[in-house]
Structures are given as C-alpha cells and as structure tokens.
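Note: the block below is protein-v2.cif and it holds mmCIF, C-alpha atoms.
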data_protein
#
loop_
_atom_site.label_atom_id
_atom_site.label_comp_id
_atom_site.auth_asym_id
_atom_site.auth_seq_id
_atom_site.Cartn_x
_atom_site.Cartn_y
_atom_site.Cartn_z
CA MET A 23 150.73 258.68 -41.32
CA TRP A 24 151.68 262.24 -42.26
CA GLU A 25 152.69 261.07 -45.71
CA TRP A 26 149.33 259.29 -46.15
CA TRP A 27 147.49 262.42 -45.07
CA ARG A 28 149.45 264.61 -47.48
CA LYS A 29 148.73 262.22 -50.33
CA ASN A 30 145.03 261.91 -49.61
CA ARG A 31 144.36 265.39 -48.24
CA PRO A 32 142.24 266.69 -51.18
CA LEU A 33 140.07 263.56 -51.11
CA MET A 34 139.65 263.64 -47.32
CA LEU A 35 138.90 267.37 -47.21
CA GLY A 36 136.44 267.05 -50.11
CA SER A 37 134.65 264.16 -48.42
CA LEU A 38 134.54 266.06 -45.13
CA LEU A 39 133.11 269.14 -46.83
CA LEU A 40 130.48 267.04 -48.57
CA LEU A 41 129.57 265.32 -45.31
CA VAL A 42 129.14 268.67 -43.57
CA ALA A 43 126.91 269.87 -46.43
CA LEU A 44 124.81 266.69 -46.15
CA LEU A 45 124.48 267.07 -42.37
CA TRP A 46 123.54 270.71 -42.73
CA TYR A 47 120.83 269.74 -45.25
CA SER A 48 119.63 267.02 -42.90
CA VAL A 49 119.42 269.46 -39.96
CA ASN A 50 117.51 271.94 -42.14
CA LEU A 51 114.84 269.37 -43.00
CA ARG A 52 113.21 270.26 -39.67
CA GLN A 53 112.77 273.88 -40.76
CA GLN A 54 111.43 272.86 -44.16
CA ASP A 55 108.08 274.61 -43.66
CA GLU A 56 109.53 278.02 -42.83
CA THR A 57 111.02 280.67 -45.08
CA ASN A 58 114.60 281.39 -44.04
CA LEU A 59 116.33 284.75 -44.46
CA LEU A 60 118.33 283.72 -47.53
CA GLU A 61 115.25 282.35 -49.31
CA SER A 62 113.37 285.53 -48.52
CA VAL A 63 116.22 287.63 -49.97
CA VAL A 64 116.36 285.44 -53.11
CA LEU A 65 112.59 285.79 -53.56
CA ARG A 66 112.83 289.56 -53.18
CA LEU A 67 115.69 289.81 -55.65
CA THR A 68 114.48 287.42 -58.34
CA GLY A 69 110.75 288.17 -58.04
CA PRO A 70 110.75 291.64 -59.66
CA VAL A 71 113.04 290.46 -62.50
CA GLN A 72 110.84 287.42 -63.14
CA ALA A 73 107.65 289.49 -62.92
CA GLY A 74 109.09 292.09 -65.30
CA LEU A 75 110.21 289.49 -67.80
CA ASP A 76 106.84 287.72 -67.55
CA ARG A 77 105.01 290.99 -68.28
CA THR A 78 107.35 291.79 -71.19
CA ILE A 79 106.81 288.36 -72.76
CA ASP A 80 103.04 288.76 -72.32
CA GLY A 81 103.22 292.19 -73.95
CA VAL A 82 105.19 290.93 -76.94
CA ALA A 83 102.85 287.96 -77.33
CA ASP A 84 99.86 290.29 -77.08
CA VAL A 85 101.13 292.66 -79.80
CA TRP A 86 102.05 289.69 -82.01
CA GLY A 87 98.70 287.98 -81.55
CA HIS A 88 96.48 291.08 -81.85
CA TYR A 89 98.20 293.27 -84.40
CA LEU A 90 100.65 291.22 -86.46
CA TYR A 91 99.59 287.60 -86.73
CA LEU A 92 96.03 288.04 -88.06
CA ILE A 93 95.88 285.25 -90.64
CA ASP A 94 93.15 283.27 -88.88
CA THR A 95 91.19 286.22 -87.51
CA ALA A 96 88.29 286.16 -90.01
CA GLU A 97 87.78 282.43 -89.53
CA ASP A 98 88.08 282.82 -85.74
CA ASN A 99 85.45 285.55 -85.87
CA ARG A 100 82.94 283.34 -87.71
CA ARG A 101 83.62 280.48 -85.30
CA LEU A 102 83.20 282.73 -82.26
CA ILE A 103 79.85 284.04 -83.51
CA ASP A 104 78.61 280.44 -83.82
CA ASP A 105 80.03 279.59 -80.39
CA ASN A 106 78.34 282.66 -78.94
CA ARG A 107 74.93 281.53 -80.18
CA ALA A 108 75.41 278.04 -78.75
CA LEU A 109 76.64 279.39 -75.42
CA ARG A 110 73.65 281.73 -75.08
CA ALA A 111 71.37 278.72 -75.32
CA VAL A 112 73.41 276.87 -72.67
CA LEU A 113 73.41 279.96 -70.45
CA THR A 114 69.62 280.20 -70.52
CA GLU A 115 69.38 276.56 -69.58
CA SER A 116 71.96 276.98 -66.78
CA GLU A 117 70.07 279.94 -65.37
CA GLU A 118 66.99 277.75 -65.02
CA VAL A 119 69.04 275.11 -63.20
CA ARG A 120 70.58 277.74 -60.91
CA LEU A 121 67.18 279.13 -59.93
CA GLU A 122 65.88 275.66 -59.26
CA ASN A 123 68.97 274.90 -57.16
CA GLU A 124 68.44 278.03 -55.08
CA ARG A 125 64.81 277.14 -54.45
CA LEU A 126 65.75 273.62 -53.31
CA ARG A 127 68.45 274.95 -50.99
CA LEU A 128 65.97 277.28 -49.35
CA LEU A 129 63.46 274.47 -49.09
CA LEU A 130 65.87 272.17 -47.28
CA ASP A 131 67.19 274.98 -45.10
CA PHE A 132 70.63 274.13 -46.40
CA LYS A 133 73.30 276.13 -44.66
CA GLU A 134 75.92 277.37 -46.99
CA ALA A 135 79.44 276.49 -46.01
CA GLN A 136 81.28 279.45 -44.56
CA GLU A 137 82.99 281.36 -47.32
CA ILE A 138 86.75 281.57 -47.12
CA ALA A 139 88.29 284.84 -48.27
CA THR A 140 90.34 284.41 -51.42
CA LEU A 141 93.13 286.40 -53.02
CA PRO A 142 93.72 286.20 -56.79
CA ALA A 143 97.37 285.91 -57.77
CA ARG A 144 99.31 285.57 -60.98
CA VAL A 145 101.87 282.87 -61.64
CA ILE A 146 105.09 284.63 -62.67
CA ALA A 147 107.69 281.85 -62.66
CA GLU A 148 108.16 278.10 -62.45
CA ASP A 149 110.64 276.01 -60.52
CA ALA A 150 114.21 276.41 -61.77
CA SER A 151 114.77 272.65 -61.65
CA SER A 152 113.01 269.95 -63.68
CA TRP A 153 112.92 267.61 -60.67
CA PHE A 154 110.61 269.75 -58.52
CA ARG A 155 107.15 271.23 -59.02
CA THR A 156 106.77 274.71 -57.58
CA VAL A 157 105.61 278.06 -58.97
CA MET A 158 106.11 281.64 -57.86
CA ILE A 159 103.12 283.99 -57.47
CA ASP A 160 103.03 287.78 -57.37
CA LYS A 161 101.41 288.05 -53.91
CA GLY A 162 103.21 287.79 -50.59
CA SER A 163 103.01 288.48 -46.88
CA ASP A 164 102.11 292.15 -47.52
CA GLN A 165 98.82 290.88 -48.97
CA GLY A 166 98.33 288.36 -46.13
CA VAL A 167 99.82 285.29 -47.81
CA THR A 168 101.60 283.02 -45.32
CA GLU A 169 103.13 279.54 -45.39
CA GLY A 170 100.64 276.68 -45.48
CA MET A 171 97.75 278.52 -47.18
CA PRO A 172 95.93 276.46 -49.82
CA VAL A 173 96.05 277.56 -53.46
CA VAL A 174 93.26 276.58 -55.87
CA VAL A 175 91.77 277.26 -59.30
CA ALA A 176 88.25 276.60 -60.59
CA GLU A 177 89.25 273.09 -61.73
CA GLY A 178 90.60 272.02 -58.33
CA VAL A 179 93.54 272.04 -55.94
CA VAL A 180 96.83 273.60 -57.07
CA GLY A 181 98.99 273.30 -53.94
CA ARG A 182 99.98 275.18 -50.80
CA VAL A 183 102.12 278.21 -50.07
CA MET A 184 105.59 277.03 -49.12
CA ARG A 185 107.63 280.24 -48.83
CA SER A 186 106.54 283.86 -48.65
CA SER A 187 108.34 287.19 -48.83
CA PRO A 188 106.64 290.63 -48.65
CA ARG A 189 105.65 290.73 -52.35
CA PHE A 190 106.11 287.21 -53.66
CA ALA A 191 105.43 283.65 -52.57
CA ARG A 192 106.33 280.16 -53.74
CA VAL A 193 103.67 277.48 -54.05
CA LEU A 194 104.38 273.75 -53.74
CA LEU A 195 102.21 272.03 -56.37
CA ILE A 196 100.35 268.84 -55.43
CA THR A 197 102.30 267.04 -58.17
CA ASP A 198 105.64 267.63 -56.40
CA ALA A 199 107.19 264.49 -54.91
CA SER A 200 107.25 266.06 -51.43
CA SER A 201 103.53 266.94 -51.52
CA ALA A 202 100.87 264.84 -49.78
CA VAL A 203 97.14 265.66 -49.70
CA ALA A 204 94.66 263.84 -47.46
CA SER A 205 91.99 262.75 -49.94
CA LEU A 206 88.96 260.52 -50.43
CA LEU A 207 86.99 259.03 -53.30
CA GLN A 208 83.86 261.08 -53.85
CA ASP A 209 81.59 258.08 -54.52
CA ASN A 210 82.47 255.49 -51.87
CA ARG A 211 84.32 257.81 -49.42
CA ALA A 212 87.42 255.56 -49.30
CA ARG A 213 90.25 257.53 -47.69
CA GLY A 214 93.91 257.77 -48.65
CA ILE A 215 96.83 260.11 -49.30
CA CYS A 216 97.49 261.64 -52.73
CA ARG A 217 101.23 262.00 -53.30
CA GLY A 218 102.78 263.90 -56.17
CA GLN A 219 104.78 262.06 -58.80
CA GLY A 220 105.71 264.62 -61.42
CA ASP A 221 102.86 264.70 -63.94
CA GLN A 222 100.43 262.54 -61.98
CA LEU A 223 99.48 261.58 -58.42
CA VAL A 224 99.62 258.31 -56.54
CA PHE A 225 96.66 257.55 -54.26
CA ASP A 226 98.22 255.62 -51.37
CA PHE A 227 96.69 253.65 -48.48
CA VAL A 228 93.34 252.77 -50.09
CA LEU A 229 92.37 249.37 -48.70
CA ARG A 230 92.13 246.53 -51.22
CA GLN A 231 88.50 245.73 -50.35
CA GLU A 232 87.38 249.21 -51.48
CA GLU A 233 85.68 249.33 -54.90
CA VAL A 234 87.63 251.76 -57.07
CA SER A 235 87.07 252.32 -60.81
CA VAL A 236 88.90 254.30 -63.46
CA GLY A 237 87.38 257.77 -63.72
CA ASP A 238 86.28 258.02 -60.08
CA ARG A 239 86.66 261.51 -58.70
CA VAL A 240 89.13 262.16 -55.88
CA VAL A 241 88.51 265.11 -53.55
CA THR A 242 90.25 266.53 -50.48
CA SER A 243 89.11 265.00 -47.20
CA GLY A 244 89.91 268.02 -45.03
CA MET A 245 91.83 265.76 -42.63
CA GLY A 246 95.31 267.13 -43.30
CA GLY A 247 94.56 270.55 -41.86
CA VAL A 248 95.69 272.41 -44.98
CA PHE A 249 92.98 272.01 -47.61
CA PRO A 250 89.25 272.49 -46.94
CA LYS A 251 87.09 269.44 -47.53
CA GLY A 252 85.62 268.72 -50.97
CA LEU A 253 88.09 270.37 -53.34
CA VAL A 254 88.67 268.35 -56.52
CA VAL A 255 92.10 266.72 -56.72
CA GLY A 256 91.65 264.65 -59.89
CA ASN A 257 90.25 261.46 -61.38
CA VAL A 258 91.42 257.89 -61.00
CA LYS A 259 93.63 257.00 -63.98
CA SER A 260 94.54 253.39 -63.19
CA VAL A 261 93.83 250.80 -60.49
CA GLU A 262 96.00 247.80 -59.75
CA ARG A 263 94.97 245.25 -57.14
CA GLN A 264 97.67 242.69 -56.53
CA GLU A 265 97.09 239.25 -55.05
CA PHE A 266 98.69 240.14 -51.74
CA GLY A 267 99.03 243.31 -49.71
CA LEU A 268 96.74 245.58 -47.75
CA PHE A 269 96.41 248.39 -50.25
CA GLN A 270 95.68 249.02 -53.94
CA ALA A 271 98.03 250.80 -56.34
CA ILE A 272 96.05 253.74 -57.72
CA THR A 273 97.23 256.58 -59.94
CA VAL A 274 95.28 259.82 -60.28
CA ALA A 275 95.32 262.35 -63.13
CA PRO A 276 95.19 265.84 -61.59
CA SER A 277 92.17 267.93 -62.55
CA VAL A 278 94.33 271.03 -62.99
CA ASP A 279 96.47 271.53 -66.10
CA PHE A 280 99.68 272.60 -64.37
CA SER A 281 101.50 273.29 -67.63
CA HIS A 282 99.10 276.18 -68.37
CA LEU A 283 98.73 277.68 -64.91
CA GLU A 284 98.39 281.46 -65.10
CA GLU A 285 96.02 282.76 -62.42
CA VAL A 286 95.32 281.12 -59.07
CA LEU A 287 93.36 281.83 -55.89
CA VAL A 288 95.00 281.78 -52.46
CA LEU A 289 92.57 280.78 -49.71
CA LEU A 290 93.31 283.29 -46.96
CA ARG A 291 92.95 281.33 -43.79
CA SER A 292 95.36 280.24 -41.13
CA PRO A 293 96.61 276.69 -41.57
CA GLN A 294 95.40 274.52 -38.69
CA MET B 26 136.48 289.58 -57.54
CA ASN B 27 135.58 290.41 -61.12
CA ARG B 28 135.38 286.74 -62.01
CA THR B 29 133.17 286.02 -59.00
CA LEU B 30 130.83 288.80 -60.08
CA ILE B 31 130.72 287.44 -63.63
CA TYR B 32 129.85 283.98 -62.31
CA LEU B 33 127.12 285.44 -60.10
CA VAL B 34 125.62 287.38 -63.02
CA MET B 35 125.74 284.23 -65.17
CA ALA B 36 124.02 282.24 -62.42
CA GLY B 37 121.36 284.95 -62.13
CA ILE B 38 120.72 284.88 -65.89
CA ALA B 39 120.55 281.08 -65.79
CA VAL B 40 117.95 281.18 -63.01
CA VAL B 41 115.76 283.75 -64.78
CA LEU B 42 115.97 281.78 -68.03
CA GLN B 43 115.08 278.53 -66.27
CA THR B 44 112.15 279.96 -64.34
CA VAL B 45 110.50 282.26 -66.89
CA LEU B 46 111.69 282.00 -70.47
CA LEU B 47 112.54 278.31 -70.98
CA PRO B 48 109.27 276.97 -69.44
CA LEU B 49 107.37 279.14 -71.96
CA MET B 50 109.49 278.00 -74.88
CA LEU B 51 109.52 274.31 -74.00
CA ASN B 52 105.89 274.32 -72.78
CA GLY B 53 106.29 271.77 -70.01
CA TYR B 54 108.19 270.84 -66.87
CA TYR B 55 111.42 269.94 -68.63
CA LYS B 56 114.11 272.56 -68.93
CA PRO B 57 117.89 272.40 -69.31
CA ASP B 58 119.85 272.92 -66.09
CA LEU B 59 122.10 275.82 -67.02
CA LEU B 60 123.39 276.18 -63.46
CA LEU B 61 124.66 272.60 -63.59
CA ILE B 62 126.66 273.48 -66.72
CA LEU B 63 128.08 276.53 -64.94
CA VAL B 64 129.08 274.42 -61.91
CA ILE B 65 130.85 271.91 -64.17
CA TYR B 66 132.67 274.76 -65.87
CA LEU B 67 133.69 276.09 -62.43
CA GLY B 68 134.89 272.62 -61.49
CA LEU B 69 137.15 272.57 -64.56
CA HIS B 70 138.66 276.01 -64.14
CA GLU B 71 138.46 277.23 -60.53
CA GLU B 72 140.52 276.52 -57.43
CA PRO B 73 138.92 273.99 -55.04
CA GLN B 74 138.54 276.35 -52.04
CA ARG B 75 137.33 279.41 -53.90
CA GLY B 76 135.19 277.43 -56.37
CA GLY B 77 133.78 275.13 -53.65
CA LEU B 78 132.70 278.05 -51.51
CA MET B 79 131.14 279.81 -54.47
CA VAL B 80 129.28 276.70 -55.63
CA TYR B 81 127.96 275.96 -52.13
CA SER B 82 126.74 279.57 -51.79
CA LEU B 83 125.14 279.39 -55.24
CA GLY B 84 123.40 276.19 -54.15
CA TRP B 85 121.90 277.89 -51.12
CA CYS B 86 120.65 280.75 -53.28
CA TYR B 87 119.31 278.20 -55.79
CA ASP B 88 117.16 276.74 -52.98
CA GLY B 89 115.20 280.00 -53.10
CA VAL B 90 113.91 279.17 -56.59
CA ALA B 91 114.24 275.38 -56.90
CA GLY B 92 112.71 272.69 -54.73
CA SER B 93 111.53 272.91 -51.15
CA PHE B 94 114.49 271.64 -49.13
CA PRO B 95 116.97 274.21 -47.72
CA GLY B 96 120.55 273.04 -48.20
CA LEU B 97 119.72 270.36 -50.78
CA ASN B 98 121.04 272.19 -53.82
CA GLY B 99 124.14 273.32 -51.91
CA PHE B 100 124.97 269.70 -51.12
CA ILE B 101 124.27 268.49 -54.67
CA LEU B 102 126.13 271.25 -56.51
CA LEU B 103 129.09 270.91 -54.13
CA GLY B 104 129.13 267.16 -54.75
CA ILE B 105 129.19 267.70 -58.52
CA PHE B 106 131.91 270.36 -58.21
CA LEU B 107 134.11 268.07 -56.09
CA ALA B 108 133.54 265.15 -58.46
CA VAL B 109 134.69 267.30 -61.39
CA ARG B 110 137.70 268.49 -59.36
CA GLY B 111 138.51 264.84 -58.71
CA VAL B 112 138.96 264.09 -62.42
CA VAL B 113 140.30 267.43 -63.58
CA THR B 114 144.02 266.53 -63.25
CA ARG B 115 143.59 263.45 -65.41
CA VAL B 116 141.89 265.05 -68.41
CA ASN B 117 142.36 267.81 -70.94
CA THR B 118 140.22 270.61 -69.51
CA GLU B 119 140.44 272.66 -72.73
CA SER B 120 138.45 270.09 -74.69
CA SER B 121 134.86 270.96 -75.55
CA SER B 122 133.92 267.28 -75.90
CA LEU B 123 134.98 266.77 -72.29
CA LEU B 124 132.58 269.46 -71.12
CA LEU B 125 129.73 267.76 -73.00
CA LEU B 126 130.65 264.40 -71.49
CA LEU B 127 130.87 265.90 -68.02
CA VAL B 128 127.45 267.53 -68.44
CA VAL B 129 125.95 264.10 -69.17
CA ALA B 130 127.80 262.52 -66.21
CA GLY B 131 126.90 265.51 -64.00
CA THR B 132 123.19 265.13 -64.84
CA ILE B 133 123.28 261.46 -63.84
CA LEU B 134 125.17 262.28 -60.63
CA GLN B 135 122.75 265.11 -59.85
CA SER B 136 119.68 262.88 -60.21
CA ALA B 137 121.33 260.15 -58.10
CA MET B 138 122.15 262.68 -55.36
CA VAL B 139 118.62 264.15 -55.41
CA ALA B 140 117.11 260.67 -55.12
CA PHE B 141 119.55 259.72 -52.33
CA SER B 142 119.00 262.95 -50.36
CA LEU B 143 115.22 262.83 -50.57
CA ASP B 144 114.41 259.12 -50.44
CA PHE B 145 116.91 258.32 -47.66
CA PHE B 146 116.75 261.45 -45.52
CA ASN B 147 113.13 262.48 -45.98
CA GLN B 148 110.97 259.39 -45.88
CA ALA B 149 107.81 261.28 -46.77
CA THR B 150 109.22 261.92 -50.23
CA ARG B 151 109.52 259.31 -52.96
CA ILE B 152 111.05 260.93 -56.00
CA TRP B 153 112.99 258.16 -57.76
CA PRO B 154 110.08 256.77 -59.88
CA GLN B 155 109.53 260.26 -61.30
CA MET B 156 113.25 260.78 -61.86
CA ALA B 157 113.62 257.47 -63.67
CA TRP B 158 111.03 258.65 -66.20
CA GLN B 159 112.48 262.11 -66.57
CA LEU B 160 116.19 261.33 -66.72
CA PRO B 161 116.55 260.52 -70.48
CA ALA B 162 114.79 263.75 -71.49
CA GLN B 163 116.81 265.74 -68.97
CA LEU B 164 120.07 264.24 -70.27
CA LEU B 165 119.20 265.18 -73.82
CA LEU B 166 118.16 268.72 -72.88
CA ASN B 167 121.30 269.38 -70.83
CA PHE B 168 123.49 267.99 -73.61
CA ILE B 169 121.85 270.19 -76.25
CA ALA B 170 122.03 273.25 -73.96
CA ALA B 171 125.76 272.68 -73.29
CA PHE B 172 126.42 272.23 -77.02
CA VAL B 173 124.54 275.41 -77.95
CA LEU B 174 126.18 277.39 -75.13
CA LEU B 175 129.65 276.33 -76.25
CA ARG B 176 128.96 277.47 -79.80
CA LEU B 177 127.39 280.71 -78.60
CA ILE B 178 130.23 281.60 -76.22
CA VAL B 179 132.90 280.95 -78.85
CA TRP B 180 130.97 283.07 -81.34
CA LEU B 181 130.61 285.88 -78.79
CA GLN B 182 134.30 285.66 -77.92
CA ARG B 183 135.28 285.94 -81.58
CA ILE B 184 133.20 289.10 -81.94
CA PHE B 185 133.76 290.90 -78.64
CA LEU B 186 136.92 289.50 -77.00
CA PRO B 187 139.09 288.11 -79.82
CA ARG B 188 142.39 288.54 -77.95
CA ARG B 189 141.32 287.51 -74.47
CA ASN B 190 142.31 284.16 -73.02
CA LEU B 191 139.13 282.87 -71.47
CA PRO B 192 139.63 279.67 -69.45
CA GLY B 193 138.39 276.72 -71.46
CA LEU B 194 138.01 278.64 -74.68
CA ARG B 195 141.64 278.95 -75.79
CA LYS B 196 141.66 275.72 -77.76
CA LEU B 197 138.13 276.14 -78.95
CA ASP B 198 138.94 279.56 -80.27
CA SER B 199 141.85 278.30 -82.36
CA ARG B 200 139.47 276.12 -84.37
CA TYR B 201 137.57 279.13 -85.58
CA GLU B 202 140.58 281.22 -86.66
CA SER B 203 141.06 279.71 -90.11
#
Structure re-expressed in structure tokens:
Amino acid sequence: MWEWWRKNRPLMLGSLLLLVALLWYSVNLRQQDETNLLESVVLRLTGPVQAGLDRTIDGVADVWGHYLYLIDTAEDNRRLIDDNRALRAVLTESEEVRLENERLRLLLDFKEAQEIATLPARVIAEDASSWFRTVMIDKGSDQGVTEGMPVVVAEGVVGRVMRSSPRFARVLLITDASSAVASLLQDNRARGICRGQGDQLVFDFVLRQEEVSVGDRVVTSGMGGVFPKGLVVGNVKSVERQEFGLFQAITVAPSVDFSHLEEVLVLLRSPQ
Amino acid sequence: MNRTLIYLVMAGIAVVLQTVLLPLMLNGYYKPDLLLILVIYLGLHEEPQRGGLMVYSLGWCYDGVAGSFPGLNGFILLGIFLAVRGVVTRVNTESSSLLLLLVVAGTILQSAMVAFSLDFFNQATRIWPQMAWQLPAQLLLNFIAAFVLLRLIVWLQRIFLPRRNLPGLRKLDSRYES
C-alpha cells in the first residue's frame, strides 16, 4: 500500500488539488453576483493602467489622424459639405415630426415614462479571455455604479454591471454565454429569454405556434428585474421550426455593435 | 522571489495587452491567450508545489479581468499546469517545438475545461456551441503568439542577457550563435 502511494503520490496529490479547486469554484458560483475582495483589488490595480494605456493609444491615434495622415482630408471635406447639406434637409423634416409628436402626446394626455438617471461612462478595456464577453468602464461605486445596474447605448441594450470597485466597474455584455435577458417580440408580444452566444443571441422559449419572421424586433420585457421594459435587444436573424417540440429555434442579431463600443450609459437605479 | 516577481510582472503585461492593446489591433473578440503560454512555460520549468500555488493564485487574479465566475480560471490554469507537469518528465523541455505543441494542446484542454465547468456546474450557461465555432481561430492565434514570443525572447536574450542561462532558452540560444 505504502509502495503504491509512493509511486502514485504526484498523480494523487495533483488530482486532489484539482478537485479542491473545482469544489471551490463550485461553492463560489453562489456568490457570482457579488464583487469579492480580490476582484476589487484587481480592478483597482489594473484599471488605472488600462485607462492610461487607452488614453495614450487614443492620443497617438488622434495625432496620427489629425496631423500626419492627411491624404484623404480634401476629399473628406468635400464629402462632408455634401453630407451637411443633406442632413440639414433631414433635420428640418425631423423637427416637423417632433413638433407633431409633441402635439399628439399632449392631445392624448400621454404620461411620459419616468426618466431614469443615467451616467455616461467610457469603455477602457475588454475581457482578457476570448471565451467571455465583458468590458471594463471608467465609472465605479464612487459614482453610484453598483452590481446589477443596466448599461445601454442609443442602439439598445449593452449588458449589466457585474463587478464594481470605487473607480471602475465590469459589465457583462448580453452576448456573453452566462447572460440572459427577459425579452419579447415587439410586434406580436411573444415572450422568451435572450441568451448570449458570442457574436449573436439565442431567443429561447418562444412557443412554436407564435408567428415569428426574420427581421422582427426583439425588445426587453422588463420581467427579469434588471432591464426596463422596451429597450431594443436586436432583430431576428433566423427562425427554425422543427416538426416536434414546444419551442422554436430563433437566433437574434444584437442591435449594438459590440466590437466598436466606446461610450455607454449606466442606468442608475437599484436592481429589483 | 525574484523569479516569482518576474512571472507576476509578465502576467500583468499579458493581461494589459489582452484587455487593451490586442483587442484594438485585432479588432474583434479574438485575442491570443498570453497567460496560457506563461502557464505552460511555468509547467515546463517550475517545481509542482511552487508553480502550482503561483498558477492558482494567478488564476484567481485573472478572474478579476476575465469571465464572471470566481475560481474558474484558477481551476482551469491549475489543470493545465498539472497536465504539463504530468508529461514533463517524458519530453525534452528545452525544445521550442514542444512548447508550440503544448500551446495547441493547452488551448484544447482549456476550452474543454471551460465548457465542462460552465455547462455541467452552471446550468444557466451554455457555452460549448460558441466555443466550437471559436476554437480553430483561437488555436491559430495562440500558436502564432507562442511562435512570435519565442523568437522575440531569444532575440532579447541575445541582446541583453547573452551569458545568462534562462530556463528553456539554453538550447534555443545555441541555434543563434553561429
């Protein structure tokens, strides 16, 4: 027995160590929604370096684009003047629509939804691993950012705050595999859950009798307690209805371009 | 102590590169896993106890900037380290080709462990379809990164530390002396 143990000791100890690590990870799954001390320290240490490097890169790119690489500037200028003319025309038209909209709202005594206070933040770093989808922002608990707060941009939902330290916070994007957003189809109000799958989303639990078409808009349902109702999640990319089964297989293209995420808005409200 | 500090600084540089610089250069979600390469290097040249403890601690720190599951990266990096330790007595650890091969095997093991840890232990997460798509690109990126790093380190050693015996670089260095 002793001889066997001596021969296999490295293997047994290694396996034991690995098992302990796995159990420890499993136990920590319960505290997944809280920022632990070590994570907070890592955020505090890496945040300033990442923010500094991000600013430096921006500065170099700015100098390069504005003062050195001016080959296309004259052509850009001509194009922008033309664009400006076209946009002025659109703006005049939009102003008319806005005024009309305001009049109709007053007429119907439409109560505006209560405004939620927002905090603009800058994305300073991405997830270190290719398997996960998170970003770091330059606002933290000192500015009122806490775990669970929704993060959005004009195009739609970005994600929710997952960890926060005094000056920095990490945001779990809706495209991450561990993200789930209670959603519904804007047209026929069919409900489901949008789960992240890397570059796209999967819209689960939509009953097979619901009419779903490619291009349909998916919005948040407000049922999950994290995101307010009506925020755009994306558009239906593909629909597959098999012969058997309760639900349809639907994929959704997110409305936000996550590869070019620079500024975001944190909705400052307590998660329910 | 000095070596530990060097490894920590290297891990820090790897994290900053992976979170800020490489995403800008590669313009997408895919980036080489430099920390994985460091862990494989540690597996080839460090003692099991000292190296295992260091890798597990690095994994916990890595959780602060990668993923959303505390303890996950500690478990995965420790698993990769132990797997490398398991084969280290049977191979020539001074060979650069071995490091490249281990980086490829380590990437496959890493993705399998991520899928196992998330899909089996956290039923709300279903990551394997995404990983199946991403794995070939990730393999290629990690391979290229390991290749470039090997060349870079040997070049730096020739310039700055020509007489030092760095673990894993002794044989490599001799190729460049002619």
_Expansion of the PyMOL selection byres ((chain A and resi 250) around 12) into residues, as a PyMOL selection string_ = chain A and resi 135-138+171-174+178-179+182+203-205+241-249+251-255+289-294
*Explicit residue set for the PyMOL selection byres ((chain A) within 6 of (chain B)), as a ChimeraX atom specification*: /A:43-44,47,54,61,64,147-152,154,199-200,219-220,281
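Proximity of B:Pro161, B:Ser121, B:Val128, B:Val116 to Ile178 in chain B, computed with only C-alpha atoms, is greatest for B:Ser121.
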Draw an axis-aligned box tight on the listed atoms of range 41-57 of chain B, then pad every side by 5 Å and write out centre and edge lengths in Å to one decimal as JSON.
{"center_x": 111.9, "center_y": 276.8, "center_z": -69.6, "size_x": 22.0, "size_y": 23.8, "size_z": 20.5}
*Just give me the gap between CA of Ala108 in chain A and CA of Asn123 in chain A in Å, one decimal is fine.*
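Atom-to-atom, CA of Ala108 in chain A and CA of Asn123 in chain A are spaced 22.7 Å apart.
The space separating CA of Phe145 in chain B from CA of Val49 in chain A comes to 13.8 Å.
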*Could you give me, as a ChimeraX atom specification, the residues that have an atom at most 6 Å away from the point (95.4, 258.8, -64.7) in the coordinates of the file, using all atoms listed in the file?*
/A:258-260,273-275
_Picked residues, the PyMOL selection byres ((chain B and resi 169-176) around 9), as a list in words_ =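 When the PyMOL selection byres ((chain B and resi 169-176) around 9) is applied to the shown file, the picked residues are Pro57, Asp58, Leu59, Ile62, Ser121, Leu124, Leu125, Val128, Leu164, Leu165, Leu166, Asn167, Phe168, Leu177, Ile178, Val179, Trp180, Leu181, Leu194 and Leu197 of chain B.
Here CA of Ala271 in chain A stands at a distance of 13.4 Å from CA of Arg213 in chain A.
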